[in-house]
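Printed here is model-v2.txt (compact mmCIF, C-alpha atoms and all ligand atoms):
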```txt
# COMPACT_ATOMS: atom_id res chain seq x y z
CA MET A 1 -1.64 10.20 -19.07
CA GLU A 2 -4.90 8.25 -18.71
CA LEU A 3 -3.71 4.71 -17.94
CA VAL A 4 -7.12 3.07 -17.73
CA HIS A 5 -10.00 4.44 -19.81
CA SER A 6 -12.19 6.58 -17.53
CA LEU A 7 -15.35 4.80 -18.75
CA ALA A 8 -13.82 1.44 -17.80
CA GLU A 9 -12.93 2.84 -14.36
CA GLN A 10 -16.48 4.15 -13.88
CA TYR A 11 -17.95 0.82 -15.00
CA ALA A 12 -15.63 -1.11 -12.66
CA ALA A 13 -16.59 1.18 -9.76
CA ALA A 14 -20.29 0.72 -10.49
CA HIS A 15 -19.87 -3.07 -10.42
CA SER A 16 -17.72 -3.35 -7.31
CA THR A 17 -18.88 -3.49 -3.71
CA ALA A 18 -18.71 -0.03 -2.15
CA PRO A 19 -16.55 0.62 0.93
CA ASP A 20 -18.23 0.19 4.33
CA ALA A 21 -19.59 3.18 6.30
CA VAL A 22 -16.36 3.97 8.19
CA CYS A 23 -14.19 3.77 5.07
CA THR A 24 -16.72 5.88 3.13
CA GLU A 25 -16.48 8.58 5.79
CA LEU A 26 -12.67 8.32 5.79
CA ILE A 27 -12.51 8.62 1.99
CA GLU A 28 -14.94 11.56 1.90
CA THR A 29 -13.17 13.43 4.70
CA THR A 30 -9.73 12.87 3.17
CA LEU A 31 -10.93 14.01 -0.27
CA LYS A 32 -12.57 17.10 1.20
CA GLU A 33 -9.94 18.16 3.73
CA HIS A 34 -6.51 16.80 2.81
CA ARG A 35 -4.36 18.79 0.42
CA HIS A 36 -2.64 15.59 -0.71
CA ALA A 37 -5.90 13.67 -1.18
CA HIS A 38 -4.63 12.32 -4.53
CA MET A 39 -2.45 9.93 -2.49
CA LEU A 40 -5.53 8.01 -1.36
CA CYS A 41 -6.04 4.63 -2.93
CA SER A 42 -9.24 4.21 -4.99
CA PRO A 43 -12.21 2.28 -3.51
CA GLU A 44 -11.72 -0.50 -6.10
CA GLN A 45 -8.06 -0.86 -5.22
CA GLY A 46 -8.95 -0.79 -1.53
CA LYS A 47 -11.40 -3.63 -2.13
CA LEU A 48 -8.76 -5.53 -4.12
CA LEU A 49 -6.30 -5.20 -1.21
CA GLU A 50 -9.01 -6.41 1.16
CA PHE A 51 -9.70 -9.42 -1.09
CA ILE A 52 -5.97 -10.28 -1.42
CA SER A 53 -5.64 -10.16 2.36
CA CYS A 54 -8.76 -12.31 2.79
CA MET A 55 -7.33 -14.86 0.33
CA ILE A 56 -3.97 -15.00 2.12
CA GLN A 57 -5.43 -14.86 5.65
CA PRO A 58 -2.20 -13.41 7.05
CA VAL A 59 -1.03 -13.36 10.65
CA HIS A 60 1.45 -10.51 10.25
CA VAL A 61 0.93 -7.67 7.78
CA LEU A 62 3.20 -4.67 7.23
CA GLU A 63 2.23 -1.45 5.47
CA ILE A 64 4.76 1.27 4.61
CA GLY A 65 2.88 4.55 4.02
CA THR A 66 -0.29 4.76 6.14
CA PHE A 67 -1.55 8.19 5.03
CA THR A 68 -5.04 8.53 6.62
CA GLY A 69 -5.43 4.80 7.25
CA TYR A 70 -7.71 3.62 4.46
CA THR A 71 -5.55 0.81 3.06
CA ALA A 72 -4.49 -0.31 6.55
CA ILE A 73 -8.16 -0.86 7.37
CA CYS A 74 -8.72 -2.71 4.07
CA LEU A 75 -5.71 -5.00 4.58
CA ALA A 76 -6.61 -5.71 8.22
CA LYS A 77 -9.93 -7.23 7.16
CA GLY A 78 -8.19 -10.45 6.07
CA LEU A 79 -6.16 -10.92 9.26
CA GLN A 80 -6.51 -14.14 11.21
CA THR A 81 -8.14 -13.63 14.62
CA HIS A 82 -4.79 -13.53 16.42
CA GLY A 83 -3.11 -11.51 13.65
CA SER A 84 -1.88 -7.91 13.59
CA LEU A 85 -1.00 -5.22 11.08
CA HIS A 86 1.84 -2.76 11.53
CA THR A 87 1.70 0.42 9.49
CA ILE A 88 4.31 3.19 9.30
CA GLU A 89 3.59 6.87 8.61
CA LEU A 90 6.09 9.71 8.51
CA ARG A 91 3.64 12.56 9.17
CA GLU A 92 2.16 12.88 12.65
CA ALA A 93 -1.08 14.54 11.52
CA ASP A 94 -1.83 11.71 9.08
CA ALA A 95 -0.92 9.07 11.65
CA ALA A 96 -3.36 10.75 14.09
CA THR A 97 -6.16 10.70 11.50
CA ALA A 98 -5.40 7.05 10.74
CA LYS A 99 -5.61 6.15 14.44
CA GLU A 100 -8.97 7.92 14.73
CA TYR A 101 -10.51 5.93 11.86
CA ILE A 102 -8.86 2.66 12.89
CA ARG A 103 -10.57 3.11 16.26
CA LYS A 104 -13.90 3.88 14.55
CA ALA A 105 -13.49 0.71 12.49
CA GLY A 106 -12.99 -1.28 15.72
CA LEU A 107 -9.53 -2.36 14.61
CA ASP A 108 -7.37 -0.58 17.20
CA ASN A 109 -6.62 -3.92 18.87
CA LYS A 110 -5.26 -5.27 15.54
CA ILE A 111 -3.54 -2.32 13.86
CA VAL A 112 -0.41 -0.68 15.26
CA VAL A 113 0.40 2.73 13.76
CA HIS A 114 4.09 3.66 13.96
CA THR A 115 4.88 7.34 13.45
CA GLY A 116 8.26 8.12 11.89
CA ASP A 117 10.56 7.26 9.02
CA ALA A 118 10.16 3.70 7.75
CA ARG A 119 13.95 3.44 7.36
CA THR A 120 14.31 3.84 11.14
CA ILE A 121 11.25 1.89 12.22
CA LEU A 122 11.51 -1.13 9.91
CA PRO A 123 14.65 -2.61 11.53
CA GLN A 124 12.86 -2.45 14.91
CA LEU A 125 9.95 -4.64 13.77
CA ASN A 126 10.89 -8.21 14.46
CA TYR A 127 8.16 -10.19 12.69
CA THR A 128 7.93 -12.72 9.91
CA TRP A 129 5.61 -11.03 7.42
CA ASP A 130 2.96 -12.85 5.41
CA LEU A 131 1.98 -9.76 3.46
CA VAL A 132 3.68 -6.39 2.90
CA PHE A 133 2.23 -3.33 1.17
CA ILE A 134 4.75 -0.72 0.00
CA ASP A 135 3.11 2.66 -0.66
CA ALA A 136 5.49 5.36 0.64
CA ASP A 137 8.14 7.57 -1.00
CA LYS A 138 9.17 6.12 -4.33
CA VAL A 139 12.92 6.65 -3.88
CA GLY A 140 12.75 4.30 -0.90
CA TYR A 141 11.04 1.41 -2.72
CA ILE A 142 14.16 -0.72 -3.36
CA GLU A 143 15.36 -0.22 0.22
CA TYR A 144 11.92 -1.11 1.66
CA TYR A 145 11.73 -4.13 -0.64
CA GLU A 146 15.15 -5.42 0.38
CA LEU A 147 14.51 -4.84 4.09
CA THR A 148 11.11 -6.55 4.05
CA LEU A 149 12.01 -9.43 1.71
CA GLN A 150 14.47 -10.68 4.34
CA GLN A 151 11.62 -10.91 6.86
CA LEU A 152 8.97 -12.19 4.46
CA ARG A 153 8.03 -15.85 4.81
CA GLN A 154 8.60 -18.14 1.88
CA GLY A 155 5.43 -17.92 -0.24
CA GLY A 156 4.58 -14.54 1.28
CA PHE A 157 3.64 -11.52 -0.82
CA ILE A 158 4.87 -7.97 -1.25
CA LEU A 159 2.45 -5.59 -2.99
CA ALA A 160 3.93 -2.39 -4.42
CA ASP A 161 1.72 0.53 -5.46
CA ASN A 162 2.17 3.18 -8.18
CA VAL A 163 4.47 1.00 -10.27
CA LEU A 164 3.30 2.74 -13.46
CA PHE A 165 3.77 6.17 -11.85
CA HIS A 166 1.10 8.06 -13.84
CA GLY A 167 2.45 6.52 -17.04
CA GLN A 168 5.78 8.31 -16.67
CA VAL A 169 7.71 5.01 -16.56
CA LEU A 170 6.47 4.39 -20.13
CA GLU A 171 8.43 7.32 -21.53
CA HIS A 172 11.80 6.92 -23.28
CA PRO A 173 13.96 7.89 -21.56
CA VAL A 174 12.26 7.85 -18.15
CA LYS A 175 12.78 11.31 -16.63
CA GLY A 176 12.44 12.69 -13.09
CA LYS A 177 13.37 11.50 -9.61
CA ASN A 178 10.21 9.52 -8.81
CA PRO A 179 9.60 7.89 -12.23
CA GLU A 180 13.29 6.91 -12.39
CA ALA A 181 13.07 5.42 -8.88
CA VAL A 182 9.93 3.44 -9.74
CA ASP A 183 11.42 2.22 -13.02
CA ALA A 184 14.60 1.15 -11.19
CA PHE A 185 12.44 -0.68 -8.62
CA ASN A 186 10.48 -2.48 -11.35
CA GLN A 187 13.72 -3.59 -13.03
CA HIS A 188 15.18 -4.63 -9.67
CA VAL A 189 12.19 -6.89 -8.99
CA ARG A 190 12.08 -8.29 -12.54
CA ASN A 191 15.78 -9.29 -12.26
CA ASP A 192 15.40 -10.82 -8.80
CA SER A 193 15.48 -14.64 -8.92
CA ARG A 194 14.22 -14.85 -5.31
CA VAL A 195 10.71 -13.80 -6.39
CA GLU A 196 8.12 -14.01 -9.13
CA GLN A 197 5.80 -11.13 -9.89
CA VAL A 198 2.82 -9.86 -11.85
CA MET A 199 2.14 -6.20 -12.57
CA VAL A 200 -1.58 -5.39 -12.52
CA THR A 201 -2.71 -2.32 -14.48
CA ILE A 202 -5.30 -1.21 -11.90
CA ARG A 203 -5.28 2.55 -11.35
CA ASP A 204 -1.59 3.60 -11.08
CA GLY A 205 -0.28 0.03 -11.31
CA LEU A 206 0.09 -2.56 -8.55
CA SER A 207 2.82 -5.23 -8.51
CA LEU A 208 2.14 -8.52 -6.74
CA ILE A 209 5.47 -10.11 -5.77
CA ARG A 210 5.75 -13.61 -4.30
CA LYS A 211 8.82 -14.88 -2.47
CA LEU A 212 9.92 -18.27 -3.81
C1 LIG B 301 0.56 7.27 -1.18
S1 LIG B 301 0.44 7.68 0.51
C2 LIG B 301 -0.20 6.20 1.21
C3 LIG B 301 -1.66 6.00 0.90
C4 LIG B 301 -2.35 4.95 1.73
N1 LIG B 301 -1.70 3.67 1.60
C5 LIG B 301 -3.82 4.85 1.35
O1 LIG B 301 -4.15 4.75 0.16
O2 LIG B 301 -4.67 4.92 2.25
C6 LIG B 301 2.13 7.64 1.01
C7 LIG B 301 2.35 7.94 2.48
O3 LIG B 301 3.69 7.56 2.80
C8 LIG B 301 4.19 8.47 3.76
N2 LIG B 301 5.67 8.40 3.71
C9 LIG B 301 6.49 8.96 2.79
N3 LIG B 301 7.76 8.68 3.08
C10 LIG B 301 7.76 7.92 4.20
C11 LIG B 301 8.77 7.33 4.99
N4 LIG B 301 10.06 7.45 4.68
N5 LIG B 301 8.40 6.61 6.07
C12 LIG B 301 7.09 6.46 6.40
N6 LIG B 301 6.08 7.01 5.68
C13 LIG B 301 6.41 7.74 4.59
C14 LIG B 301 3.64 9.81 3.33
O4 LIG B 301 3.65 10.74 4.39
C15 LIG B 301 2.24 9.42 2.85
O5 LIG B 301 1.26 9.59 3.86
```
Represent the structure from my file as structure tokens, please.
Ligand SMILES: C[S@@+](CC[C@H](N)C(=O)[O-])C[C@H]1O[C@@H](n2cnc3c(N)ncnc32)[C@H](O)[C@@H]1O
Amino acid sequence: MELVHSLAEQYAAAHSTAPDAVCTELIETTLKEHRHAHMLCSPEQGKLLEFISCMIQPVHVLEIGTFTGYTAICLAKGLQTHGSLHTIELREADAATAKEYIRKAGLDNKIVVHTGDARTILPQLNYTWDLVFIDADKVGYIEYYELTLQQLRQGGFILADNVLFHGQVLEHPVKGKNPEAVDAFNQHVRNDSRVEQVMVTIRDGLSLIRKL
């Protein structure tokens, strides 16, 4: 299902600042060489994440689902000078690619890549988060949300990607493991009095969730 008209997406891309040289190389290499390249965030969404981070000016950022490192680099651009970003990736090959580009971007002193399952690594990260980006396996979204909300500062933000899941959450009834998990996550957040949220219909849907 086309969620955003392709002409609108092309127009938005043509009127948005392009990624920098390192991110352009990372995007091109991932698109050319990675068999799961569809998991890469779009340049416009990458720029939006960068802008959100620059607006918040976080000290501690957490990303769940590094892939090849593009969104980690975008989110790190808003960090305060003494800040750091922790990102978790299950697959070693992707974590290695991410480290390579993080080094090329000159951010290896700010971004820590953890390789392994977020369910194991998250409890080991003892930080108060200002900003969290959830972009890993969809069946884990509620668990990641609950684990990170505890450690999110009051007024901090959780961003959750793919909340429209290719339009499959719009079907009645919602069918399939991932669409059902995303729909359950969206309902979980909507019914949570600890937060307020807005769902943005960029690309595959991005929820901005603020802890009250
Ligand atoms: C949609 S991609 C992330 C894309 C990335 N944020 C970007 O646009 O640059 C999701 C990533 O989450 C990783 N992942 C899936 N399950 C995970 C888990 N349980 N723990 C850590 N990473 C996981 C996958 O290996 C994959 O690389």
Padding 5 Å on every side, please: axis-aligned box over the listed atoms of range 61-71 of chain A, centre and edge lengths to one decimal in Å, as JSON.
```
{"center_x": -1.5, "center_y": 0.4, "center_z": 5.4, "size_x": 22.5, "size_y": 26.2, "size_z": 14.7}
```
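You will find atom N3 of ligand LIG 301 (chain B) at 6.5 Å from CA of Gly65 in chain A.
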Using only C-alpha atoms, determine which residues lie at most 8 Å from Arg91 in chain A, disregarding the query and same-chain residues fewer than 6 positions distant; provide the list as a short mmCIF file (atom, residue, chain, number, x, y, z; two decimals) with C-alpha atoms, keeping the file's coordinate frame.
```
data_model
loop_
_atom_site.label_atom_id
_atom_site.label_comp_id
_atom_site.auth_asym_id
_atom_site.auth_seq_id
_atom_site.Cartn_x
_atom_site.Cartn_y
_atom_site.Cartn_z
CA PHE A 67 -1.55 8.19 5.03
CA THR A 115 4.88 7.34 13.45
CA GLY A 116 8.26 8.12 11.89
#
```
| Distance filter 9 Å around ligand LIG 301 (chain B), atoms: only C-alpha atoms and all ligand atoms, out as a VMD selection string | chain A and resid 27 36 to 42 45 to 46 63 to 74 87 to 92 94 to 95 98 114 to 121 133 to 140 161 to 162
| Surrounding residues of Arg194 in chain A excluding itself and chain neighbours under 5 positions, 12 Å, all atoms listed in the file, as a PyMOL selection string | chain A and resi 145-146+149-150+152-157+188-189+209-212
| message | Just to confirm, what's the straight-line distance from CA of Met1 in chain A to CA of Gly167 in chain A in Å (one decimal)? | response | 5.9 Å
| task | Would you kindly return, as a PyMOL selection string, each protein, DNA or RNA residue with an atom no farther than 8 Å from any atom of Ile111 in chain A, considering only C-alpha atoms and excluding same-chain residues fewer than 2 positions away? | result | chain A and resi 72+76+84-87+102+107-109+113
| note | re CA of Val163 in chain A and CA of Phe185 in chain A: distance 8.3 Å
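The residue that comes closest to Leu122 in chain A, out of A:Arg190, A:Met199, A:Lys177, A:Leu147 and on the basis of only C-alpha atoms, is A:Leu147.
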Polymer residues at most 7 Å from range 8-22 of chain A, all atoms listed in the file, same-chain spacing of 5 or more positions, as a PDB file with C-alpha atoms, in the frame of the given file:
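Below is the file selection-v2.pdb, written as the result:
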```pdb
ATOM      1  CA  PRO A  43     -12.210   2.280  -3.510  1.00  0.00           C
ATOM      2  CA  GLU A  44     -11.720  -0.500  -6.100  1.00  0.00           C
ATOM      3  CA  LYS A 104     -13.900   3.880  14.550  1.00  0.00           C
ATOM      4  CA  ALA A 105     -13.490   0.710  12.490  1.00  0.00           C
TER       5      ALA A 105
END
```
Produce a table with one row for each residue of range 41-99 of chain A that has an atom at most 7 Å from any atom of range 128-131 of chain A, each row naming the nearest atom pair and its distance in Å at one decimal; use only C-alpha atoms; arrange rows by chain and rising residue number; format as a Markdown table.
```
| residue | atom | partner | partner_atom | distance |
| --- | --- | --- | --- | --- |
| A:Pro58 | CA | A:Asp130 | CA | 5.4 |
| A:Val59 | CA | A:Asp130 | CA | 6.6 |
| A:His60 | CA | A:Trp129 | CA | 5.1 |
| A:Val61 | CA | A:Leu131 | CA | 4.9 |
| A:Leu62 | CA | A:Leu131 | CA | 6.5 |
```
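Close contacts of Asn186 in chain A, defined as residues with an atom at most 9 Å away when counting all atoms listed in the file, with chain neighbours fewer than 4 positions off set aside, comprise Ile142, Val163, Ala181, Val182, Arg190, Asn191 and Ser207 of chain A.
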